[in-house]
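See below for data06.csv, which holds CSV, C-alpha atoms and all ligand atoms.
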```csv
chain,number,residue,atom,x,y,z
P,20,MET,CA,-44.1,171.1,6.7
P,21,LYS,CA,-46.3,171.6,3.6
P,22,GLU,CA,-44.6,168.6,1.8
P,23,GLU,CA,-45.3,166.5,4.9
P,24,SER,CA,-49.0,167.2,4.8
P,25,GLU,CA,-49.2,166.6,1.1
P,26,LYS,CA,-47.6,163.2,1.6
P,27,MET,CA,-50.1,162.3,4.4
P,28,ALA,CA,-52.6,159.7,3.4
P,29,TYR,CA,-56.0,160.9,2.4
P,30,LEU,CA,-58.1,158.3,4.1
P,31,THR,CA,-56.7,156.6,7.2
P,32,LEU,CA,-58.3,153.7,8.9
P,33,LYS,CA,-56.7,153.0,12.3
P,34,GLY,CA,-57.5,150.0,14.4
P,35,ILE,CA,-61.1,149.7,13.0
P,36,ASN,CA,-63.3,147.1,14.6
P,37,LYS,CA,-66.9,146.2,14.1
P,38,ILE,CA,-68.8,144.3,16.7
P,39,TYR,CA,-72.5,143.9,15.8
P,40,PRO,CA,-75.2,144.4,18.5
P,41,ASN,CA,-75.6,140.6,18.7
P,42,GLY,CA,-71.9,140.4,19.8
P,43,PHE,CA,-70.5,139.1,16.4
P,44,HIS,CA,-67.0,140.5,15.8
P,45,ALA,CA,-67.1,141.1,12.1
P,46,VAL,CA,-64.0,143.2,11.5
P,47,HIS,CA,-60.8,143.0,13.6
P,48,ASP,CA,-58.2,145.8,13.9
P,49,PHE,CA,-58.4,147.0,10.3
P,50,ASN,CA,-55.5,149.4,9.4
P,51,LEU,CA,-55.1,151.0,6.0
P,52,ASP,CA,-53.9,154.3,4.6
P,53,ILE,CA,-55.3,155.3,1.2
P,54,GLU,CA,-53.8,158.0,-1.0
P,55,LYS,CA,-55.9,160.5,-3.0
P,56,GLY,CA,-56.9,159.1,-6.3
P,57,GLU,CA,-56.1,155.5,-5.5
P,58,PHE,CA,-58.4,152.6,-6.7
P,59,ILE,CA,-58.5,150.2,-3.7
P,60,VAL,CA,-60.3,146.8,-3.9
P,61,PHE,CA,-61.4,144.9,-0.9
P,62,VAL,CA,-61.6,141.2,-1.8
P,63,GLY,CA,-62.3,138.0,0.1
P,64,PRO,CA,-64.8,135.2,0.4
P,65,SER,CA,-68.4,135.7,1.5
P,66,GLY,CA,-68.6,136.8,5.1
P,67,CYS,CA,-65.0,138.1,5.4
P,68,GLY,CA,-66.2,141.6,6.5
P,69,LYS,CA,-65.6,143.6,3.3
P,70,SER,CA,-69.1,145.1,3.0
P,71,THR,CA,-69.1,145.8,6.8
P,72,THR,CA,-65.8,147.7,6.4
P,73,LEU,CA,-67.2,149.6,3.4
P,74,ARG,CA,-70.4,150.5,5.2
P,75,MET,CA,-68.3,151.8,8.1
P,76,ILE,CA,-66.4,154.0,5.7
P,77,ALA,CA,-69.7,155.2,4.1
P,78,GLY,CA,-71.1,156.1,7.5
P,79,LEU,CA,-74.0,153.6,7.2
P,80,GLU,CA,-72.7,151.4,10.0
P,81,ASN,CA,-71.1,152.8,13.2
P,82,ILE,CA,-67.5,152.0,14.0
P,83,SER,CA,-67.2,150.0,17.2
P,84,LYS,CA,-63.6,150.9,17.9
P,85,GLY,CA,-60.8,152.8,16.0
P,86,ASP,CA,-60.4,156.0,14.1
P,87,PHE,CA,-61.4,156.9,10.6
P,88,ASN,CA,-60.0,160.2,9.2
P,89,ILE,CA,-60.6,161.9,5.9
P,90,GLY,CA,-58.0,164.6,5.1
P,91,GLY,CA,-56.7,164.5,8.6
P,92,VAL,CA,-60.2,165.0,10.2
P,93,ARG,CA,-61.9,162.3,12.3
P,94,VAL,CA,-65.2,161.5,10.7
P,95,ASN,CA,-66.4,158.6,12.9
P,96,GLU,CA,-69.4,160.6,14.1
P,97,MET,CA,-70.3,162.2,10.8
P,98,GLY,CA,-73.2,161.1,8.7
P,99,PRO,CA,-72.7,159.8,5.1
P,100,LYS,CA,-73.5,163.2,3.5
P,101,GLN,CA,-71.0,165.2,5.7
P,102,ARG,CA,-68.2,162.8,4.8
P,103,GLY,CA,-68.5,163.6,1.1
P,104,ILE,CA,-68.9,160.0,0.1
P,105,ALA,CA,-71.0,158.5,-2.6
P,106,MET,CA,-71.9,154.8,-2.8
P,107,VAL,CA,-73.0,152.5,-5.6
P,108,PHE,CA,-74.7,149.3,-4.3
P,109,GLN,CA,-75.2,145.8,-5.7
P,110,SER,CA,-78.8,146.5,-6.5
P,111,TYR,CA,-79.0,149.8,-8.4
P,112,ALA,CA,-82.6,150.9,-8.2
P,113,LEU,CA,-83.2,153.5,-11.0
P,114,TYR,CA,-86.5,155.3,-11.1
P,115,PRO,CA,-88.3,153.4,-13.9
P,116,GLN,CA,-90.7,156.2,-14.9
P,117,MET,CA,-87.8,158.8,-15.2
P,118,THR,CA,-85.5,159.2,-18.2
P,119,VAL,CA,-81.8,158.7,-17.9
P,120,TYR,CA,-81.4,162.5,-17.7
P,121,ASP,CA,-83.9,162.8,-14.8
P,122,ASN,CA,-82.3,159.8,-13.0
P,123,LEU,CA,-79.0,161.5,-13.2
P,124,ALA,CA,-80.4,164.9,-12.3
P,125,PHE,CA,-82.6,163.8,-9.4
P,126,GLY,CA,-80.3,164.2,-6.5
P,127,LEU,CA,-79.2,167.7,-7.6
P,128,THR,CA,-82.8,168.7,-8.3
P,129,LEU,CA,-83.8,167.7,-4.7
P,130,GLU,CA,-80.9,169.9,-3.4
P,131,GLY,CA,-82.3,172.8,-5.3
P,132,VAL,CA,-79.3,173.2,-7.7
P,133,ASP,CA,-79.8,175.6,-10.6
P,134,GLU,CA,-81.3,174.1,-13.8
P,135,ASP,CA,-78.4,175.3,-15.9
P,136,VAL,CA,-75.8,173.9,-13.5
P,137,ILE,CA,-77.7,170.6,-13.5
P,138,GLU,CA,-77.8,170.4,-17.2
P,139,GLU,CA,-74.1,171.0,-17.5
P,140,LYS,CA,-73.3,168.4,-14.9
P,141,VAL,CA,-75.6,165.8,-16.4
P,142,LYS,CA,-74.1,166.3,-19.8
P,143,ASN,CA,-70.6,166.1,-18.4
P,144,VAL,CA,-71.3,162.8,-16.5
P,145,ALA,CA,-73.1,161.4,-19.5
P,146,ARG,CA,-70.1,162.1,-21.7
P,147,ILE,CA,-67.7,160.5,-19.3
P,148,LEU,CA,-70.0,157.4,-19.1
P,149,GLY,CA,-70.9,157.2,-22.8
P,150,LEU,CA,-74.6,157.9,-22.0
P,151,THR,CA,-75.0,161.0,-24.2
P,152,ASP,CA,-77.2,159.2,-26.7
P,153,TYR,CA,-79.4,157.7,-24.1
P,154,LEU,CA,-80.4,160.7,-22.0
P,155,ASP,CA,-84.1,160.6,-23.2
P,156,ARG,CA,-84.5,156.9,-22.7
P,157,LEU,CA,-86.3,155.2,-19.8
P,158,PRO,CA,-84.3,152.6,-17.8
P,159,ARG,CA,-86.3,149.7,-19.3
P,160,ALA,CA,-85.0,150.6,-22.8
P,161,LEU,CA,-81.4,150.2,-21.6
P,162,SER,CA,-79.1,147.1,-21.4
P,163,GLY,CA,-77.9,145.9,-18.0
P,164,GLY,CA,-74.5,147.5,-18.5
P,165,GLN,CA,-76.1,150.8,-19.5
P,166,ARG,CA,-78.3,150.8,-16.4
P,167,GLN,CA,-75.3,150.1,-14.3
P,168,ARG,CA,-73.6,153.1,-15.9
P,169,VAL,CA,-76.5,155.4,-15.0
P,170,ALA,CA,-76.3,154.1,-11.4
P,171,VAL,CA,-72.6,155.0,-11.4
P,172,GLY,CA,-73.4,158.3,-12.9
P,173,ARG,CA,-75.9,159.2,-10.2
P,174,ALA,CA,-73.1,158.8,-7.6
P,175,LEU,CA,-70.5,160.5,-9.8
P,176,ILE,CA,-72.6,163.6,-10.4
P,177,ARG,CA,-72.4,164.8,-6.8
P,178,LYS,CA,-69.1,166.3,-5.9
P,179,VAL,CA,-67.7,163.7,-3.6
P,180,ASN,CA,-64.3,163.0,-2.0
P,181,VAL,CA,-64.6,159.3,-2.1
P,182,PHE,CA,-66.5,156.8,-4.3
P,183,LEU,CA,-67.6,153.5,-2.8
P,184,MET,CA,-68.8,150.5,-4.8
P,185,ASP,CA,-70.2,147.3,-3.3
P,186,GLU,CA,-70.1,144.5,-5.9
P,187,PRO,CA,-71.5,146.8,-8.6
P,188,LEU,CA,-71.2,144.2,-11.4
P,189,SER,CA,-72.9,141.3,-9.7
P,190,ASN,CA,-76.2,141.7,-11.6
P,191,LEU,CA,-74.5,141.6,-15.0
P,192,ASP,CA,-73.7,138.6,-17.1
P,193,ALA,CA,-70.1,137.4,-17.6
P,194,LYS,CA,-69.6,139.4,-20.8
P,195,GLN,CA,-71.0,142.6,-19.5
P,196,ARG,CA,-68.9,142.3,-16.4
P,197,VAL,CA,-65.7,142.2,-18.5
P,198,THR,CA,-66.8,145.3,-20.4
P,199,MET,CA,-67.9,147.2,-17.3
P,200,ARG,CA,-64.6,146.3,-15.6
P,201,SER,CA,-62.6,148.2,-18.1
P,202,GLU,CA,-65.2,151.0,-18.2
P,203,ILE,CA,-65.0,151.6,-14.5
P,204,THR,CA,-61.3,151.6,-14.7
P,205,GLN,CA,-61.6,154.2,-17.5
P,206,ILE,CA,-64.1,156.3,-15.5
P,207,HIS,CA,-61.6,156.2,-12.6
P,208,ARG,CA,-58.9,157.4,-14.8
P,209,ASN,CA,-61.0,160.2,-16.2
P,210,THR,CA,-62.3,161.4,-12.8
P,211,GLY,CA,-59.3,160.6,-10.6
P,212,ALA,CA,-61.8,160.0,-7.7
P,213,THR,CA,-60.5,158.0,-4.8
P,214,THR,CA,-62.4,154.7,-5.0
P,215,ILE,CA,-63.0,151.8,-2.8
P,216,TYR,CA,-64.5,148.8,-4.5
P,217,VAL,CA,-65.7,145.6,-2.9
P,218,THR,CA,-65.8,142.2,-4.7
P,219,HIS,CA,-65.4,138.5,-4.0
P,220,ASP,CA,-64.0,138.1,-7.5
P,221,GLN,CA,-60.3,137.9,-7.6
P,222,THR,CA,-60.2,138.6,-11.3
P,223,GLU,CA,-62.0,142.0,-10.8
P,224,ALA,CA,-59.6,142.8,-8.0
P,225,MET,CA,-56.5,141.9,-10.1
P,226,THR,CA,-57.7,143.8,-13.2
P,227,MET,CA,-59.0,147.0,-11.6
P,228,ALA,CA,-57.0,147.7,-8.4
P,229,ASP,CA,-54.0,149.9,-7.7
P,230,ARG,CA,-53.9,148.1,-4.4
P,231,ILE,CA,-55.8,145.1,-3.2
P,232,VAL,CA,-56.8,144.4,0.4
P,233,VAL,CA,-57.4,140.6,0.9
P,234,MET,CA,-59.6,139.8,3.8
P,235,LYS,CA,-60.5,136.6,5.6
P,236,GLU,CA,-62.8,136.1,8.6
P,237,GLY,CA,-62.7,139.8,9.5
P,238,TYR,CA,-58.9,140.1,9.3
P,239,ILE,CA,-56.7,141.8,6.7
P,240,GLN,CA,-54.4,139.1,5.2
P,241,GLN,CA,-52.3,141.3,2.9
P,242,VAL,CA,-52.4,144.7,1.2
P,243,GLY,CA,-50.5,145.2,-2.0
P,244,SER,CA,-50.5,145.7,-5.7
P,245,PRO,CA,-51.9,142.9,-7.9
P,246,TYR,CA,-48.4,142.0,-8.9
P,247,ASP,CA,-47.2,141.8,-5.3
P,248,LEU,CA,-50.1,139.7,-4.2
P,249,TYR,CA,-49.6,137.3,-7.1
P,250,PHE,CA,-45.9,136.9,-6.9
P,251,ASN,CA,-45.3,137.5,-3.2
P,252,PRO,CA,-48.3,136.2,-1.2
P,253,VAL,CA,-47.7,136.2,2.5
P,254,ASN,CA,-49.6,133.1,3.3
P,255,VAL,CA,-51.4,130.0,1.9
P,256,PHE,CA,-54.7,131.8,1.9
P,257,VAL,CA,-53.6,134.7,-0.3
P,258,ALA,CA,-51.6,132.4,-2.5
P,259,GLY,CA,-54.7,130.2,-3.0
P,260,PHE,CA,-57.2,133.0,-3.3
P,261,ILE,CA,-55.4,135.1,-6.0
P,262,GLY,CA,-55.0,133.3,-9.3
P,263,GLU,CA,-57.2,131.0,-11.4
P,264,PRO,CA,-56.8,128.1,-11.4
P,265,PRO,CA,-55.4,128.5,-7.9
P,266,MET,CA,-51.9,127.7,-6.8
P,267,ASN,CA,-51.2,124.0,-6.2
P,268,PHE,CA,-50.4,123.0,-2.7
P,269,VAL,CA,-48.8,119.8,-1.3
P,270,ARG,CA,-48.4,119.3,2.4
P,271,SER,CA,-45.4,117.2,3.5
P,272,LYS,CA,-43.2,116.5,6.5
P,273,VAL,CA,-39.5,117.4,6.0
P,274,LYS,CA,-37.2,114.4,6.3
P,275,GLY,CA,-33.5,114.7,5.8
P,276,GLY,CA,-34.1,118.1,4.2
P,277,LYS,CA,-36.4,116.6,1.7
P,278,ILE,CA,-40.2,116.4,1.1
P,279,ASN,CA,-42.5,114.1,-0.8
P,280,VAL,CA,-44.7,115.4,-3.6
P,281,GLY,CA,-46.6,112.3,-4.3
P,282,LYS,CA,-43.8,109.8,-4.9
P,283,ASN,CA,-41.4,112.5,-6.1
P,284,VAL,CA,-38.7,113.6,-3.7
P,285,VAL,CA,-38.0,117.3,-3.6
P,286,ASP,CA,-34.7,118.5,-2.0
P,287,LEU,CA,-35.5,121.7,-0.1
P,288,SER,CA,-31.9,122.9,-0.1
P,289,VAL,CA,-32.7,124.5,-3.4
P,290,LYS,CA,-34.9,127.0,-1.5
P,291,LEU,CA,-33.9,127.1,2.1
P,292,ASP,CA,-30.5,127.8,3.8
P,293,ALA,CA,-29.0,125.3,6.2
P,294,ALA,CA,-30.4,127.0,9.3
P,295,LYS,CA,-33.9,127.0,8.0
P,296,LEU,CA,-33.6,123.4,6.8
P,297,LYS,CA,-32.6,122.4,10.2
P,298,ALA,CA,-35.4,124.3,11.9
P,299,TYR,CA,-38.0,122.7,9.7
P,300,GLU,CA,-36.6,119.1,10.0
P,301,GLY,CA,-39.5,116.9,11.2
P,302,LYS,CA,-42.1,119.6,10.6
P,303,GLU,CA,-44.7,120.0,8.0
P,304,VAL,CA,-44.4,122.5,5.2
P,305,VAL,CA,-46.7,123.5,2.3
P,306,PHE,CA,-45.1,123.2,-1.1
P,307,GLY,CA,-46.7,125.5,-3.6
P,308,PHE,CA,-46.5,126.2,-7.3
P,309,ARG,CA,-48.7,128.0,-9.8
P,310,PRO,CA,-50.4,126.0,-12.6
P,311,GLU,CA,-48.6,128.0,-15.3
P,312,ALA,CA,-45.2,128.2,-13.7
P,313,ILE,CA,-43.9,124.9,-15.1
P,314,VAL,CA,-41.9,123.7,-18.1
P,315,LEU,CA,-42.3,120.4,-19.9
P,316,GLU,CA,-38.6,120.1,-20.9
P,317,LYS,CA,-35.8,119.6,-18.4
P,318,GLU,CA,-34.0,122.9,-17.7
P,319,GLU,CA,-31.3,123.9,-15.3
P,320,ASN,CA,-32.5,124.8,-11.8
P,321,THR,CA,-35.8,123.0,-12.0
P,322,VAL,CA,-37.4,120.2,-10.0
P,323,GLU,CA,-38.8,117.2,-11.8
P,324,ILE,CA,-42.2,116.0,-10.9
P,325,LYS,CA,-43.8,112.8,-12.4
P,326,GLY,CA,-47.5,112.1,-12.5
P,327,GLN,CA,-50.4,110.7,-14.4
P,328,VAL,CA,-52.9,112.8,-16.4
P,329,GLU,CA,-56.4,112.5,-15.0
P,330,LEU,CA,-58.3,115.0,-17.1
P,331,THR,CA,-57.6,117.7,-19.6
P,332,GLU,CA,-59.7,120.8,-20.4
P,333,LEU,CA,-58.9,122.6,-23.6
P,334,LEU,CA,-59.7,126.3,-23.1
P,335,GLY,CA,-58.3,127.6,-26.4
P,336,ASP,CA,-55.4,129.8,-25.1
P,337,ASN,CA,-54.3,127.0,-22.8
P,338,THR,CA,-55.2,123.5,-21.5
P,339,ASN,CA,-55.8,122.8,-17.9
P,340,VAL,CA,-54.2,119.4,-17.1
P,341,TYR,CA,-55.3,117.7,-13.9
P,342,MET,CA,-52.5,115.6,-12.6
P,343,GLU,CA,-52.5,112.7,-10.1
P,344,MET,CA,-49.3,112.0,-8.2
P,345,ASP,CA,-50.0,109.1,-5.8
P,346,GLY,CA,-52.9,110.7,-4.0
P,347,VAL,CA,-51.7,114.3,-4.5
P,348,ARG,CA,-53.6,116.3,-7.1
P,349,SER,CA,-52.5,119.4,-9.0
P,350,ILE,CA,-53.5,121.5,-12.1
P,351,LEU,CA,-51.1,122.5,-14.8
P,352,LYS,CA,-51.7,125.2,-17.4
P,353,ILE,CA,-50.0,124.3,-20.6
P,354,ASP,CA,-49.8,125.2,-24.3
P,355,PRO,CA,-52.9,123.5,-26.0
P,356,HIS,CA,-50.6,122.2,-28.7
P,357,PHE,CA,-48.9,120.0,-26.1
P,358,THR,CA,-52.1,118.6,-24.5
P,359,PRO,CA,-51.2,115.2,-23.2
P,360,GLU,CA,-53.4,112.1,-23.4
P,361,VAL,CA,-55.6,111.2,-20.5
P,362,ASP,CA,-54.1,108.4,-18.4
P,363,SER,CA,-50.6,109.0,-19.8
P,364,LYS,CA,-47.6,109.4,-17.5
P,365,ILE,CA,-45.8,112.7,-17.9
P,366,SER,CA,-42.9,114.6,-16.3
P,367,PHE,CA,-43.0,118.3,-15.7
P,368,PHE,CA,-40.4,120.6,-14.2
P,369,ILE,CA,-40.9,123.4,-11.7
P,370,PRO,CA,-38.2,126.2,-11.7
P,371,TYR,CA,-36.7,126.8,-8.3
P,372,ASP,CA,-37.8,130.4,-8.5
P,373,ALA,CA,-41.5,129.3,-9.0
P,374,ILE,CA,-41.5,127.2,-5.8
P,375,TYR,CA,-43.3,128.6,-2.7
P,376,LEU,CA,-42.8,127.2,0.7
P,377,PHE,CA,-45.2,127.9,3.6
P,378,ASP,CA,-45.0,126.9,7.3
P,379,GLY,CA,-47.3,123.9,7.8
P,380,GLU,CA,-48.6,125.3,11.1
P,381,THR,CA,-48.9,129.0,10.6
P,382,GLU,CA,-49.3,128.8,6.8
P,383,LYS,CA,-47.1,131.9,6.5
P,384,VAL,CA,-44.6,132.0,3.7
P,385,ILE,CA,-41.1,130.9,4.7
P,386,LYS,CA,-38.7,133.6,3.7
D,1,LIG,P1,-70.6,139.0,1.2
D,1,LIG,O1,-69.7,139.0,0.0
D,1,LIG,O2,-71.4,137.8,1.4
D,1,LIG,O3,-71.5,140.3,1.2
D,1,LIG,P2,-68.8,140.3,3.1
D,1,LIG,O4,-67.4,139.9,3.2
D,1,LIG,O5,-69.2,141.6,2.5
D,1,LIG,O6,-69.6,139.1,2.5
D,1,LIG,P3,-70.1,141.2,5.5
D,1,LIG,O7,-71.5,141.5,4.9
D,1,LIG,O8,-69.3,142.4,5.8
D,1,LIG,O9,-69.3,140.2,4.6
D,1,LIG,O10,-70.4,140.3,6.8
D,1,LIG,C1,-69.3,140.0,7.7
D,1,LIG,C2,-69.9,139.1,8.8
D,1,LIG,O11,-70.7,139.9,9.6
D,1,LIG,C3,-70.7,137.9,8.3
D,1,LIG,O12,-70.4,136.8,9.0
D,1,LIG,C4,-72.1,138.4,8.5
D,1,LIG,O13,-73.0,137.3,8.8
D,1,LIG,C5,-72.0,139.3,9.7
D,1,LIG,N1,-73.0,140.3,9.8
D,1,LIG,C6,-73.3,141.2,8.8
D,1,LIG,N2,-74.3,142.0,9.2
D,1,LIG,C7,-74.6,141.7,10.5
D,1,LIG,C8,-75.5,142.2,11.5
D,1,LIG,N3,-76.3,143.2,11.2
D,1,LIG,N4,-75.5,141.6,12.7
D,1,LIG,C9,-74.7,140.5,12.9
D,1,LIG,N5,-73.8,140.0,12.1
D,1,LIG,C10,-73.8,140.6,10.9
```

As C-alpha cells, how would this structure be written, given the file I've shared?
Ligand code: ATP
Amino acid sequence: MKEESEKMAYLTLKGINKIYPNGFHAVHDFNLDIEKGEFIVFVGPSGCGKSTTLRMIAGLENISKGDFNIGGVRVNEMGPKQRGIAMVFQSYALYPQMTVYDNLAFGLTLEGVDEDVIEEKVKNVARILGLTDYLDRLPRALSGGQRQRVAVGRALIRKVNVFLMDEPLSNLDAKQRVTMRSEITQIHRNTGATTIYVTHDQTEAMTMADRIVVMKEGYIQQVGSPYDLYFNPVNVFVAGFIGEPPMNFVRSKVKGGKINVGKNVVDLSVKLDAAKLKAYEGKEVVFGFRPEAIVLEKEENTVEIKGQVELTELLGDNTNVYMEMDGVRSILKIDPHFTPEVDSKISFFIPYDAIYLFDGETEKVIK
C-alpha cells in the first residue's frame, strides 16, 4: 500500500477546462500527472492556453471543469497560499528602494517570521542563487539577470510545494537568457522543487525540461521528454514546433506507392508495409525530414533528392542551405566546409530512418 502511494503522482490535473466568462474556451480537457521534483515545461505558440493553465494551477484563475489534486488532495477551491505554490511572473517587480536582502526578506517579514530565521533563509537562498555579494545593493545597481535571480529568490525563500514560472526570461537579452537558462536548471537541481515553467521558446523547453507539454489552441498535443518529442513527434505540429530550423515538410499524393518531392520520386515502400501503402494509395501524405538528418554522399538505405541552392547562411558551426526543388522548398543544415555555391545544383541523401510520414488529413504520424 505504502509503495503504491509513493508512486502516486504528486500533482494530478484531470480533465481540466477553462471557459472564460465571455464564453471563450481557452483550455480543453487537460490531463497531466506530475511527479515530485520534476521540471515540466508548457510550450506552444501565443494564445495556446499555457498561461491560463498555469494560472489555474496557481489558483489565480478558477478551474471551469476538472480536478486538480496536490498530494492526493483536491485543491480546486483553495487559494494560492493554501496550495503552497509560488510563482515568478514575466515582469518581476522588485521594490526599488529596498536592498536585495530586504527584497528577499520582505514576504517573511510580513508574515512575522523571526529575524534570525529570516537571516538564515535569506543567506541560504542568496548562496543558492549566487547573490551573496549583492545583498546590500539596490535593484538598480544589478544587471537584468541578477534582478531576475532576486525575483526567483523571493519565490524560493518561502517553503512551497510547487514553483511556477511564466516566461521568466522574456525581459532579458539573448545572452542573459542563455546564462539564466542553465542557472534555473542548476537552481532546480539544488532545490529539487517541483517546477512548472511556461515559455513559447522551444529551445528553452528542450534545454530545461524533464518533460515538455506541447500545446496548441487549448489542446495538449504531446507530452514527453525533449528526446522523445524531437525524435518521435506524434503530429506535424509538434514535428514543426520542436527544432530550429524546423523539420522540412512536403505534401504529396501517393501514386503507385510513390510520392513526389519536387521532381524527385520517393518510393514509400522503404517506410510503409504493403497494407499501409495500399491504404494510402491516392491519398495525401506529409513527407518530413530534419535539416540536419541528411548526408551529402550516397549511402545505403538513403533516398536521393536533387535540388538547386537558393541561399546559404554561414552560422559558424554549420551552414543553413535553402533548397528549391521545383516549387518545393526545404532547409538543410550542413558542415560549413561543404557550403555549396548559390544557384548550383546538388544532390543530398536522406536516410530511411530519418524520414517521417504523416497522414495528410489528420496530420498524425503514420506508424
Ligand atoms: P501567450 O504566450 O501569448 O501569453 P498563452 O499560451 O499563455 O499565450 P493564454 O494567455 O493562456 O495563452 O490565453 C489563451 C487564450 O485565452 C487566448 O486566446 C487569450 O486571448 C484567451 N484569454 C486569456 N485571458 C482571457 C480572458 N480573461 N477572457 C477571455 N479570453 C481570455

All residues within 10 Å of ligand LIG 1 (chain D) are required, counting only C-alpha atoms and all ligand atoms; please report them as a PDB file with C-alpha atoms, in the frame of the given file.
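Dumped everything to out-v6.pdb:
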```
ATOM      1  CA  LYS P  37     -66.900 146.200  14.100  1.00  0.00           C
ATOM      2  CA  ILE P  38     -68.800 144.300  16.700  1.00  0.00           C
ATOM      3  CA  TYR P  39     -72.500 143.900  15.800  1.00  0.00           C
ATOM      4  CA  PRO P  40     -75.200 144.400  18.500  1.00  0.00           C
ATOM      5  CA  ASN P  41     -75.600 140.600  18.700  1.00  0.00           C
ATOM      6  CA  GLY P  42     -71.900 140.400  19.800  1.00  0.00           C
ATOM      7  CA  PHE P  43     -70.500 139.100  16.400  1.00  0.00           C
ATOM      8  CA  HIS P  44     -67.000 140.500  15.800  1.00  0.00           C
ATOM      9  CA  ALA P  45     -67.100 141.100  12.100  1.00  0.00           C
ATOM     10  CA  VAL P  46     -64.000 143.200  11.500  1.00  0.00           C
ATOM     11  CA  PHE P  61     -61.400 144.900  -0.900  1.00  0.00           C
ATOM     12  CA  VAL P  62     -61.600 141.200  -1.800  1.00  0.00           C
ATOM     13  CA  GLY P  63     -62.300 138.000   0.100  1.00  0.00           C
ATOM     14  CA  PRO P  64     -64.800 135.200   0.400  1.00  0.00           C
ATOM     15  CA  SER P  65     -68.400 135.700   1.500  1.00  0.00           C
ATOM     16  CA  GLY P  66     -68.600 136.800   5.100  1.00  0.00           C
ATOM     17  CA  CYS P  67     -65.000 138.100   5.400  1.00  0.00           C
ATOM     18  CA  GLY P  68     -66.200 141.600   6.500  1.00  0.00           C
ATOM     19  CA  LYS P  69     -65.600 143.600   3.300  1.00  0.00           C
ATOM     20  CA  SER P  70     -69.100 145.100   3.000  1.00  0.00           C
ATOM     21  CA  THR P  71     -69.100 145.800   6.800  1.00  0.00           C
ATOM     22  CA  THR P  72     -65.800 147.700   6.400  1.00  0.00           C
ATOM     23  CA  LEU P  73     -67.200 149.600   3.400  1.00  0.00           C
ATOM     24  CA  ARG P  74     -70.400 150.500   5.200  1.00  0.00           C
ATOM     25  CA  MET P  75     -68.300 151.800   8.100  1.00  0.00           C
ATOM     26  CA  GLU P  80     -72.700 151.400  10.000  1.00  0.00           C
ATOM     27  CA  GLN P 109     -75.200 145.800  -5.700  1.00  0.00           C
ATOM     28  CA  ASP P 185     -70.200 147.300  -3.300  1.00  0.00           C
ATOM     29  CA  GLU P 186     -70.100 144.500  -5.900  1.00  0.00           C
ATOM     30  CA  VAL P 217     -65.700 145.600  -2.900  1.00  0.00           C
ATOM     31  CA  THR P 218     -65.800 142.200  -4.700  1.00  0.00           C
ATOM     32  CA  HIS P 219     -65.400 138.500  -4.000  1.00  0.00           C
ATOM     33  CA  ASP P 220     -64.000 138.100  -7.500  1.00  0.00           C
ATOM     34  CA  MET P 234     -59.600 139.800   3.800  1.00  0.00           C
ATOM     35  CA  LYS P 235     -60.500 136.600   5.600  1.00  0.00           C
ATOM     36  CA  GLU P 236     -62.800 136.100   8.600  1.00  0.00           C
ATOM     37  CA  GLY P 237     -62.700 139.800   9.500  1.00  0.00           C
TER      38      GLY P 237
END
```

Open item on the list: I'd like the neighbourhood of P:Gln116 as a list in words, where a residue qualifies if any of its atoms comes within 12 Å (using only C-alpha atoms), though same-chain residues fewer than 5 positions away should be ignored.
Closed with: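 After dropping sequence-adjacent residues, the list is Asp121, Asn122, Asp155, Arg156, Leu157, Pro158, Arg159 and Ala160 of chain P.
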
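With only C-alpha atoms as the atoms that count, the residue of P:Met266, P:Ile385, P:Leu129, P:Leu351 with the shortest distance to P:Tyr299 is P:Ile385.
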
TODO: Do a neighbour search on P:Thr210 at 10 Å with only C-alpha atoms, toss out local chain neighbours closer than 4 positions, and write the hits as a PyMOL selection string.
DONE: chain P and resi 56+144+147+175+205-206

Restricting it to C-alpha atoms, dump the selection as a short mmCIF file (atom, residue, chain, number, x, y, z; two decimals), keeping the file's coordinate frame.
```
data_model
loop_
_atom_site.label_atom_id
_atom_site.label_comp_id
_atom_site.auth_asym_id
_atom_site.auth_seq_id
_atom_site.Cartn_x
_atom_site.Cartn_y
_atom_site.Cartn_z
CA GLY P 56 -56.90 159.10 -6.30
CA VAL P 144 -71.30 162.80 -16.50
CA ILE P 147 -67.70 160.50 -19.30
CA LEU P 175 -70.50 160.50 -9.80
CA GLN P 205 -61.60 154.20 -17.50
CA ILE P 206 -64.10 156.30 -15.50
#
```

Task: Interatomic distance, atom CA of P:Arg270 to atom CA of P:Asn254 (Å, one decimal) - done: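 Atom CA of P:Arg270 sits 13.9 Å away from atom CA of P:Asn254.
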
Task: 12 Å contact set for P:Phe125, all atoms listed in the file, chain neighbours under 5 positions out, as a list in words - done: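 The residues that qualify are Leu113, Tyr114, Met117, Thr118, Val119, Tyr120, Glu130, Gly131, Val132, Glu134, Ile137, Glu138, Lys140, Val141, Val169, Ala170, Gly172, Arg173, Ala174, Ile176 and Arg177 of chain P.
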
- [ ] Using all atoms listed in the file, find the one residue out of P:Val384, P:Val255, P:Leu148, P:Met225 that sits nearest to P:Glu202.
- [x] P:Leu148

Open item on the list: So, with all atoms listed in the file as the atoms that count, which of P:Lys364, P:Lys33, P:Lys100, P:Arg168 lies closest to P:Ile203?
Closed with: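 Comparing P:Lys364, P:Lys33, P:Lys100, P:Arg168 against P:Ile203, the winner is P:Arg168.
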